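*Asks:* One file is attached below, model.txt, containing compact mmCIF, C-alpha atoms and all ligand atoms.
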# COMPACT_ATOMS: atom_id res chain seq x y z
CA MET A 1 257.67 147.73 113.47
CA LYS A 2 255.72 150.95 113.19
CA THR A 3 257.36 153.47 110.88
CA GLU A 4 256.92 157.16 111.56
CA ILE A 5 256.96 159.44 108.51
CA ILE A 6 258.22 162.99 108.98
CA ARG A 7 257.82 165.54 106.21
CA ILE A 8 260.45 168.28 105.94
CA ARG A 9 260.71 170.85 103.16
CA GLU A 10 262.91 173.45 104.83
CA LEU A 11 265.17 173.52 107.85
CA ASP A 12 262.98 175.63 110.13
CA GLU A 13 262.62 175.31 113.91
CA THR A 14 260.05 172.50 113.73
CA ALA A 15 262.23 170.57 111.30
CA VAL A 16 265.25 170.88 113.56
CA LEU A 17 263.25 169.49 116.51
CA GLN A 18 262.13 166.58 114.37
CA LEU A 19 265.70 165.93 113.27
CA GLU A 20 266.79 165.98 116.92
CA LYS A 21 264.31 163.18 117.59
CA ALA A 22 265.53 161.23 114.54
CA ALA A 23 269.13 161.69 115.73
CA GLU A 24 268.16 160.18 119.11
CA VAL A 25 266.78 157.15 117.28
CA ILE A 26 270.11 156.75 115.44
CA LYS A 27 272.10 157.13 118.70
CA ASN A 28 269.93 154.42 120.30
CA GLY A 29 270.67 151.94 117.51
CA GLY A 30 267.55 152.57 115.39
CA LEU A 31 267.17 153.13 111.65
CA VAL A 32 266.20 156.40 109.94
CA VAL A 33 265.72 156.89 106.19
CA PHE A 34 266.85 160.37 105.15
CA PRO A 35 267.00 162.35 101.89
CA THR A 36 270.24 163.30 100.18
CA GLU A 37 270.91 165.17 96.95
CA THR A 38 271.59 161.87 95.15
CA VAL A 39 269.11 159.25 96.44
CA TYR A 40 267.54 158.43 99.84
CA GLY A 41 269.77 156.68 102.41
CA LEU A 42 268.89 154.02 104.99
CA GLY A 43 270.82 155.27 108.01
CA GLY A 44 272.13 153.86 111.28
CA ASP A 45 275.04 154.59 113.65
CA ALA A 46 278.15 153.62 111.66
CA THR A 47 280.10 153.00 114.87
CA ASN A 48 277.54 150.46 116.11
CA GLU A 49 277.93 146.97 114.72
CA ASP A 50 274.34 146.05 115.56
CA SER A 51 272.98 149.06 113.66
CA SER A 52 274.90 148.01 110.57
CA LYS A 53 273.59 144.46 110.87
CA LYS A 54 270.06 145.88 111.10
CA ILE A 55 270.67 147.90 107.91
CA TYR A 56 271.70 144.79 105.97
CA ALA A 57 268.64 142.95 107.28
CA ALA A 58 266.20 145.79 106.45
CA LYS A 59 267.49 145.93 102.85
CA GLY A 60 267.95 142.21 102.40
CA ARG A 61 271.49 143.07 101.35
CA PRO A 62 274.35 140.56 101.24
CA SER A 63 276.68 141.42 104.14
CA ASP A 64 279.76 141.40 101.86
CA ASN A 65 278.70 144.71 100.32
CA PRO A 66 280.06 147.55 102.52
CA LEU A 67 278.21 150.71 103.62
CA ILE A 68 279.14 154.36 103.03
CA ILE A 69 279.62 156.43 106.19
CA HIS A 70 278.12 159.93 106.02
CA ILE A 71 279.79 162.82 107.83
CA ASP A 72 278.73 166.44 108.25
CA THR A 73 282.11 168.06 107.60
CA PRO A 74 285.15 166.72 105.69
CA GLU A 75 287.21 166.97 108.92
CA MET A 76 284.85 164.58 110.70
CA ALA A 77 286.57 161.81 108.70
CA GLU A 78 289.71 162.18 110.88
CA LYS A 79 288.30 160.11 113.71
CA TYR A 80 287.22 157.26 111.47
CA ALA A 81 289.65 157.05 108.55
CA HIS A 82 293.24 157.81 107.51
CA THR A 83 292.97 160.95 105.42
CA ASN A 84 295.64 162.42 103.15
CA GLU A 85 296.37 165.40 100.94
CA VAL A 86 294.37 164.14 97.97
CA TYR A 87 291.34 163.60 100.23
CA TYR A 88 291.45 167.24 101.30
CA LYS A 89 291.98 168.38 97.72
CA LEU A 90 288.84 166.47 96.71
CA ALA A 91 287.00 167.75 99.79
CA LYS A 92 287.89 171.36 99.01
CA SER A 93 286.36 171.14 95.53
CA PHE A 94 283.48 168.72 96.00
CA MET A 95 282.38 168.47 99.66
CA PRO A 96 279.71 168.82 100.78
CA GLY A 97 278.50 167.14 97.58
CA PRO A 98 277.82 163.91 95.74
CA LEU A 99 281.31 162.39 96.10
CA THR A 100 282.38 159.32 98.09
CA VAL A 101 286.06 158.67 98.82
CA ILE A 102 287.51 155.29 99.83
CA LEU A 103 290.10 155.62 102.63
CA GLU A 104 291.92 153.22 104.98
CA SER A 105 289.62 152.78 107.97
CA LYS A 106 290.38 153.32 111.64
CA ASP A 107 289.19 150.84 114.31
CA THR A 108 286.38 153.23 115.28
CA ILE A 109 284.38 151.79 112.35
CA PRO A 110 283.42 148.17 113.08
CA LEU A 111 284.10 145.51 110.44
CA ALA A 112 280.37 144.88 110.01
CA THR A 113 279.92 148.42 108.60
CA ARG A 114 282.70 147.96 106.03
CA ALA A 115 281.95 144.30 105.27
CA GLY A 116 285.32 143.16 106.62
CA LEU A 117 287.41 145.43 104.36
CA SER A 118 290.40 147.45 105.60
CA THR A 119 288.92 150.50 103.86
CA VAL A 120 285.85 152.62 104.48
CA ALA A 121 283.78 154.76 102.08
CA VAL A 122 283.34 158.37 103.30
CA ARG A 123 280.80 160.91 102.02
CA CYS A 124 279.76 164.39 103.16
CA PRO A 125 276.35 165.00 101.54
CA GLN A 126 275.17 168.34 100.25
CA SER A 127 271.66 167.94 101.64
CA ALA A 128 271.16 170.27 104.62
CA ILE A 129 268.67 167.83 106.16
CA ALA A 130 271.21 165.00 105.97
CA ARG A 131 274.00 167.10 107.49
CA GLU A 132 271.81 168.41 110.30
CA LEU A 133 270.85 164.83 111.16
CA ILE A 134 274.50 163.70 111.24
CA LYS A 135 275.54 166.72 113.29
CA ARG A 136 272.83 166.07 115.88
CA ALA A 137 273.57 162.31 116.00
CA GLY A 138 277.24 163.14 116.68
CA VAL A 139 278.30 159.93 114.93
CA PRO A 140 278.84 159.11 111.27
CA ILE A 141 275.71 157.63 109.71
CA ALA A 142 276.17 154.43 107.73
CA ALA A 143 273.72 154.47 104.84
CA PRO A 144 273.25 152.49 101.70
CA SER A 145 270.53 153.57 99.28
CA ALA A 146 267.16 152.99 100.97
CA ASN A 147 265.79 150.43 98.52
CA LEU A 148 265.28 146.71 98.94
CA SER A 149 268.35 144.99 97.56
CA GLY A 150 268.00 144.61 93.77
CA SER A 151 265.49 147.42 93.17
CA PRO A 152 266.41 150.86 91.90
CA SER A 153 267.57 153.40 94.49
CA PRO A 154 264.69 155.54 95.81
CA THR A 155 264.49 159.16 94.71
CA THR A 156 261.15 160.06 96.34
CA ALA A 157 259.60 159.34 99.74
CA GLU A 158 256.92 157.26 97.94
CA HIS A 159 259.63 154.91 96.62
CA VAL A 160 261.03 154.62 100.15
CA ILE A 161 257.61 153.91 101.65
CA ASP A 162 257.01 151.17 99.04
CA ASP A 163 260.24 149.42 100.05
CA MET A 164 260.86 150.30 103.72
CA GLN A 165 257.50 150.82 105.48
CA GLY A 166 257.56 148.60 108.60
CA ARG A 167 261.31 147.93 108.33
CA VAL A 168 262.68 151.20 109.80
CA ASP A 169 261.83 153.51 112.72
CA ILE A 170 261.55 156.80 110.83
CA ILE A 171 261.33 157.90 107.18
CA ILE A 172 262.15 161.57 106.58
CA ASP A 173 260.29 162.76 103.48
CA GLY A 174 262.42 165.53 101.98
CA GLY A 175 260.78 165.60 98.55
CA SER A 176 262.31 164.42 95.32
CA SER A 177 266.12 163.97 95.15
CA ASP A 178 267.94 166.69 93.19
CA PHE A 179 270.21 164.52 91.10
CA GLY A 180 268.62 161.07 91.17
CA LEU A 181 271.65 158.78 90.75
CA GLU A 182 274.04 157.69 93.51
CA SER A 183 277.27 159.53 94.36
CA THR A 184 280.52 159.29 92.42
CA ILE A 185 282.90 156.88 94.19
CA VAL A 186 286.69 157.24 93.92
CA LYS A 187 289.70 155.46 95.36
CA ILE A 188 292.99 157.31 95.84
CA ASP A 189 295.91 155.46 94.22
CA ASN A 190 298.69 157.97 94.98
CA GLU A 191 299.13 161.73 95.16
CA ASN A 192 298.62 162.16 91.41
CA GLU A 193 296.22 159.39 90.60
CA ILE A 194 292.71 158.25 91.51
CA THR A 195 290.37 155.57 90.18
CA LEU A 196 286.69 156.13 89.47
CA LEU A 197 284.75 153.16 90.88
CA ARG A 198 281.21 154.45 90.31
CA PRO A 199 280.37 157.44 88.08
CA GLY A 200 277.96 160.11 89.33
CA LYS A 201 277.30 163.84 89.16
CA ILE A 202 280.96 164.65 89.90
CA THR A 203 282.39 163.59 86.55
CA LYS A 204 285.70 162.14 85.42
CA GLU A 205 286.29 165.50 83.69
CA ASP A 206 285.66 167.38 87.00
CA LEU A 207 288.09 165.10 88.85
CA SER A 208 290.74 165.42 86.13
CA LYS A 209 291.16 169.09 87.08
CA LEU A 210 292.56 168.03 90.48
CA VAL A 211 294.88 165.11 89.78
CA SER A 212 296.98 164.24 86.76
CA ARG A 213 295.35 160.89 86.13
CA VAL A 214 291.81 159.54 86.63
CA ASN A 215 291.53 155.83 85.86
CA VAL A 216 288.10 154.33 85.26
CA ALA A 217 287.45 150.88 86.76
CA ASP A 218 286.54 148.29 84.10
CA ALA A 219 283.26 147.51 85.87
CA VAL A 220 281.99 151.05 85.13
CA THR A 221 281.50 150.36 81.42
CA ASP A 222 282.15 146.67 80.86
CA LYS A 223 280.52 143.41 81.70
CA LEU A 224 282.33 141.53 84.46
CA LYS A 225 284.14 138.39 83.42
CA ASP A 226 283.24 135.25 85.37
CA GLY A 227 284.97 135.30 88.75
CA GLU A 228 286.52 138.76 88.18
CA VAL A 229 287.43 140.58 91.41
CA VAL A 230 285.86 144.06 91.56
CA LEU A 231 287.27 147.13 93.33
CA SER A 232 283.83 148.10 94.62
CA PRO A 233 281.83 145.09 95.83
CA GLY A 234 278.49 146.64 94.79
CA MET A 235 279.54 146.53 91.14
CA LYS A 236 279.23 142.76 91.01
CA TYR A 237 275.53 142.71 91.79
CA LYS A 238 272.83 142.90 89.16
CA HIS A 239 271.32 146.29 89.94
CA TYR A 240 268.28 148.25 88.96
CA ALA A 241 266.87 145.60 86.67
CA PRO A 242 263.08 145.92 86.27
CA LYS A 243 260.89 142.85 85.66
CA ALA A 244 260.63 143.37 81.90
CA PRO A 245 263.85 143.11 79.88
CA VAL A 246 265.41 146.46 79.00
CA ILE A 247 266.89 146.80 75.49
CA LEU A 248 269.19 149.73 74.73
CA LEU A 249 269.03 151.05 71.17
CA ASP A 250 272.14 152.80 69.90
CA GLY A 251 271.01 154.79 66.87
CA ASP A 252 268.64 157.52 65.68
CA VAL A 253 264.86 157.51 66.10
CA LYS A 254 264.15 156.21 62.58
CA ALA A 255 266.42 153.22 63.05
CA ALA A 256 264.89 152.63 66.50
CA VAL A 257 261.35 152.65 65.07
CA ASP A 258 262.38 150.15 62.35
CA TYR A 259 263.97 147.87 64.92
CA ILE A 260 261.00 147.92 67.29
CA ASP A 261 258.61 147.45 64.38
CA LYS A 262 260.42 144.28 63.30
CA ASN A 263 261.23 142.85 66.73
CA GLY A 264 258.94 144.37 69.34
CA ASP A 265 255.77 143.17 71.04
CA ILE A 266 252.59 145.29 71.13
CA ASN A 267 252.78 145.63 74.88
CA ILE A 268 255.97 147.64 75.28
CA ALA A 269 257.37 150.70 76.99
CA ILE A 270 259.66 153.17 75.26
CA ILE A 271 261.89 155.58 77.12
CA SER A 272 262.22 158.49 74.73
CA TYR A 273 264.05 161.78 74.57
CA ASP A 274 261.77 164.77 74.29
CA LYS A 275 262.71 165.37 70.66
CA ASP A 276 261.69 161.81 69.60
CA PHE A 277 258.51 161.55 71.68
CA GLU A 278 255.99 162.42 68.95
CA HIS A 279 257.76 160.23 66.41
CA PHE A 280 257.50 157.17 68.69
CA LYS A 281 253.92 158.04 69.64
CA LYS A 282 252.89 158.09 65.99
CA ALA A 283 254.73 154.87 65.15
CA PHE A 284 253.51 152.94 68.22
CA PRO A 285 250.20 154.39 69.46
CA LYS A 286 249.70 151.45 71.84
CA ALA A 287 253.11 151.74 73.50
CA PHE A 288 253.61 153.39 76.89
CA ILE A 289 256.13 156.19 76.38
CA TYR A 290 258.20 157.74 79.16
CA ASN A 291 259.83 161.14 78.66
CA PHE A 292 263.60 161.14 79.27
CA GLY A 293 264.10 164.89 78.75
CA SER A 294 266.78 166.42 76.56
CA SER A 295 269.34 164.19 74.84
CA GLU A 296 271.84 167.00 75.40
CA ARG A 297 271.24 167.15 79.17
CA PRO A 298 271.91 163.77 80.84
CA GLU A 299 270.83 165.40 84.14
CA ASP A 300 267.25 165.13 82.84
CA GLY A 301 267.49 161.38 82.40
CA ALA A 302 269.39 161.00 85.69
CA HIS A 303 266.54 162.71 87.51
CA VAL A 304 263.82 160.36 86.22
CA LEU A 305 265.53 157.03 85.43
CA PHE A 306 264.88 155.25 88.73
CA SER A 307 261.27 156.50 88.90
CA ILE A 308 260.68 155.19 85.39
CA LEU A 309 262.23 151.80 86.14
CA ARG A 310 260.10 151.45 89.28
CA ASP A 311 256.98 152.46 87.37
CA THR A 312 257.53 149.84 84.66
CA ASP A 313 257.15 147.15 87.34
CA LYS A 314 253.55 148.28 87.90
CA HIS A 315 252.71 147.33 84.31
CA SER A 316 253.34 144.05 82.57
CA PHE A 317 255.39 145.20 79.60
CA LYS A 318 257.00 142.54 77.44
CA GLU A 319 259.98 144.78 76.68
CA ILE A 320 261.32 148.21 77.58
CA TYR A 321 263.23 150.08 74.87
CA ALA A 322 265.56 152.93 75.83
CA PRO A 323 268.25 155.04 74.16
CA LEU A 324 271.92 154.37 74.92
CA PRO A 325 273.26 157.58 76.47
CA LYS A 326 276.65 159.06 75.57
CA ALA A 327 279.26 157.71 77.98
CA SER A 328 280.89 161.05 78.78
CA GLY A 329 280.44 163.77 81.41
CA ILE A 330 277.34 163.15 83.52
CA GLY A 331 276.22 160.82 80.71
CA LEU A 332 278.72 158.23 82.01
CA ALA A 333 276.69 157.86 85.22
CA LEU A 334 273.50 157.36 83.25
CA TYR A 335 275.23 154.94 80.86
CA ASN A 336 276.59 152.91 83.82
CA ARG A 337 273.15 152.52 85.45
CA MET A 338 271.37 151.80 82.16
CA ILE A 339 273.71 149.04 80.95
CA ARG A 340 273.08 147.33 84.30
CA ALA A 341 269.32 147.75 84.03
CA ALA A 342 269.60 146.22 80.54
CA ALA A 343 271.97 143.44 81.67
CA HIS A 344 274.27 144.77 78.91
CA LYS A 345 271.79 144.18 76.08
CA ILE A 346 272.74 146.85 73.54
CA ILE A 347 271.56 146.81 69.91
CA ARG A 348 273.81 148.78 67.55
CA LEU A 349 271.49 150.11 64.87
O1 LIG B 1 274.70 158.60 96.80
C1 LIG B 1 275.03 157.64 97.49
O2 LIG B 1 276.19 157.24 97.54
C2 LIG B 1 273.94 156.95 98.32
C3 LIG B 1 273.47 157.95 99.38
C4 LIG B 1 272.49 157.34 100.34
O3 LIG B 1 274.56 158.50 100.04
N1 LIG B 1 274.43 155.74 98.91
C5 LIG B 1 274.67 154.62 98.19
O4 LIG B 1 275.06 153.54 98.96
O5 LIG B 1 274.54 154.55 97.00
P1 LIG B 1 275.08 152.06 98.41
O6 LIG B 1 275.41 151.23 99.60
O7 LIG B 1 273.82 151.75 97.73
O8 LIG B 1 276.29 152.01 97.43
C6 LIG B 1 277.58 152.11 97.97
C7 LIG B 1 278.59 151.48 97.06
C8 LIG B 1 278.44 149.98 96.98
O9 LIG B 1 278.58 149.61 95.62
C9 LIG B 1 279.62 149.46 97.78
O10 LIG B 1 280.10 148.25 97.29
C10 LIG B 1 280.64 150.59 97.64
O11 LIG B 1 279.87 151.74 97.65
N2 LIG B 1 281.57 150.64 98.76
C11 LIG B 1 281.29 150.89 100.05
N3 LIG B 1 282.40 150.79 100.82
C12 LIG B 1 283.42 150.50 99.97
C13 LIG B 1 284.81 150.27 100.15
N4 LIG B 1 285.36 150.33 101.34
N5 LIG B 1 285.55 149.99 99.05
C14 LIG B 1 284.97 149.95 97.82
N6 LIG B 1 283.66 150.15 97.60
C15 LIG B 1 282.88 150.41 98.65
MG MG B 2 272.48 150.94 96.45
Write out the structure in this file as C-alpha cells.
*Replies:*
Amino acid sequence: MKTEIIRIRELDETAVLQLEKAAEVIKNGGLVVFPTETVYGLGGDATNEDSSKKIYAAKGRPSDNPLIIHIDTPEMAEKYAHTNEVYYKLAKSFMPGPLTVILESKDTIPLATRAGLSTVAVRCPQSAIARELIKRAGVPIAAPSANLSGSPSPTTAEHVIDDMQGRVDIIIDGGSSDFGLESTIVKIDNENEITLLRPGKITKEDLSKLVSRVNVADAVTDKLKDGEVVLSPGMKYKHYAPKAPVILLDGDVKAAVDYIDKNGDINIAIISYDKDFEHFKKAFPKAFIYNFGSSERPEDGAHVLFSILRDTDKHSFKEIYAPLPKASGIGLALYNRMIRAAAHKIIRL
C-alpha cells in the first residue's frame, strides 16, 4: 500500500482541505494516522468492523485488546455509549483533553472495536487536528497508539513512518506530541468512586477533586501475578521494552555511579536527569547519556521517554540505566511506563 504523508502545523484553509480528504478515507474504511496531544493514533471508522480488523492487522495487535474511540465533543458519546453524571463531571473538567473513560457500550460500536467487551473506551482529544478530522468524518475514530505492537508509542511523525509506512493510507504529520505518554484511563465504579486503570497527564490528584474516592488498579504499579485478570486488557502485555535490558536505579547519583561501576558493561546507555548529567559523563566517558530533563518536572521525562527508548534500539547497548521516578502526580505515569520498559527490574541503592 502506498502511504501518503500530509504535513500540518496549523489549522489553516489548506489543512482543513487535507483533513477533509483524510476524513473521506476514514469514511470509506481506510486507515489514517493522526497526531494527538498524547501520542499518535492509528485511526479507522469505529462503527465499521472491517476498519477495526484492519487496525489490528496494521499494528500486529492481538484482537483481545480493545480500541479507544475518539469523539470531537463529549456529547458525541451519547450515540455510542451509556453516559452518566460522573462522565459529564469528568468531561466538564478534562475534555477535550488526555482522559479516556470506560462506559457501557451501545450496539452502534461493533464487538470487533471493543474486543468483545460490553464496555467501550471513550476519549475526546485536545488536539485541534484530531478533532477536526473526527468532526469531518462524522463517526467516532477508533485509534490505538500508532506503533507496531510491542514498541513504544510514537510521539513524532518519524516514529510513525518507521512503524507504519506502507501499512496505512495516510499519515498526518502534526509535529512532536505535547505530552508524550498515552491518556489517563478511568473506569466509573459509582457516583462517588472511580478507578484509575492507566495513569497519564490527568493525575490521580486531579481526579480526586471531582469524586470522593479514586482507586488505583494494581496493574498500574505492581507486577501481574500469573493468570491475574486485569481491568484493562492492555496492561497484561509487555510494553515499551527496548532490545537492551533497562535497569531502574532508585538512589542518588553517587550510589548510581558506584552500582554501574561494579556491575555495568562498557557499552551502556544512561538516562540521566539534567542535574546528574556531568557527573555521569565524568564517571563513564564511554557511555551514551540521554538527558531526561528536570527531576522535579516529570513532564520533561514524559516528553522524551519514548523517543529515547526507540533510539536505544538503533545502538547495541548491553544495558540501559535509568532513574526510578517518583510515583506521584504526573510522575506516576512515567513510573508506570518505566517499570514496564524495565520488566520491573528495580535496584534499591
Ligand atoms: O492517548 C491515548 O490514549 C492514545 C491516543 C492515540 O489516543 N491511544 C492509546 O490507545 O493509547 P492504545 O490502544 O494503545 O491503549 C488503549 C488502552 C489499552 O490498554 C486497552 O486495553 C485499554 O485502553 N482499553 C480499551 N478499551 C477498554 C475497555 N473497554 N475496558 C478497559 N480497557 C480498555
Ligand atoms: Mg498502545
*Asks:* Please identify all polymer residues within 7 Å of stretch 285-288 of chain A, counting all atoms listed in the file, omitting same-chain residues fewer than 4 positions from it, and present them as a list in words.
*Replies:*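 That gives Ile266, Asn267, Ile268, Ala269, Ile270 and Lys281 of chain A.
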*Asks:* Go through A:Asp206, A:Ser145, A:Ile172, A:Gly331 and flag the residue nearest A:Arg61, using only C-alpha atoms for the distances.
*Replies:*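 Counting only C-alpha atoms, the residue closest to A:Arg61 is A:Ser145.
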*Asks:* Can you tell me which residues sit at most 6 Å away from ligand LIG 1 (chain B), counting all atoms listed in the file, written as a short mmCIF file (atom, residue, chain, number, x, y, z; two decimals) with C-alpha atoms, in the frame of the given file?
*Replies:*
data_model
loop_
_atom_site.label_atom_id
_atom_site.label_comp_id
_atom_site.auth_asym_id
_atom_site.auth_seq_id
_atom_site.Cartn_x
_atom_site.Cartn_y
_atom_site.Cartn_z
CA THR A 38 271.59 161.87 95.15
CA VAL A 39 269.11 159.25 96.44
CA TYR A 40 267.54 158.43 99.84
CA GLY A 41 269.77 156.68 102.41
CA ASN A 65 278.70 144.71 100.32
CA PRO A 66 280.06 147.55 102.52
CA LEU A 67 278.21 150.71 103.62
CA ILE A 68 279.14 154.36 103.03
CA ILE A 102 287.51 155.29 99.83
CA ARG A 114 282.70 147.96 106.03
CA THR A 119 288.92 150.50 103.86
CA VAL A 120 285.85 152.62 104.48
CA ALA A 121 283.78 154.76 102.08
CA ALA A 143 273.72 154.47 104.84
CA PRO A 144 273.25 152.49 101.70
CA SER A 145 270.53 153.57 99.28
CA GLU A 182 274.04 157.69 93.51
CA SER A 183 277.27 159.53 94.36
CA LEU A 231 287.27 147.13 93.33
CA SER A 232 283.83 148.10 94.62
CA PRO A 233 281.83 145.09 95.83
CA GLY A 234 278.49 146.64 94.79
CA MET A 235 279.54 146.53 91.14
#
*Asks:* Considering all atoms listed in the file, return as a VMD selection string whatever protein or nucleic-acid residues lie within 9 Å of stretch 73-76 of chain A, sequence-local ones (same chain, fewer than 2 positions apart) excluded.
*Replies:* chain A and resid 71 78 to 80 87 to 88 91 to 92 95 to 96 122 to 125 131 135 140
*Asks:* Any idea what's packed within 10 Å of A:Lys53, counting all atoms listed in the file, ignoring anything in its chain fewer than 5 positions away? Could you give it as a list in words?
*Replies:*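 With the cut-off at 10 Å, the set is Gly44, Asn48, Ala58, Arg61, Ser63, Ala112 and Thr113 of chain A.
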*Asks:* When distances are computed from all atoms listed in the file, which of A:Ala146, A:Ile141, A:Ala23, A:Ile8 shows the smallest separation from ligand MG 2 (chain B)?
*Replies:*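 Between A:Ala146, A:Ile141, A:Ala23, A:Ile8, the residue approaching ligand MG 2 (chain B) most closely is A:Ala146.
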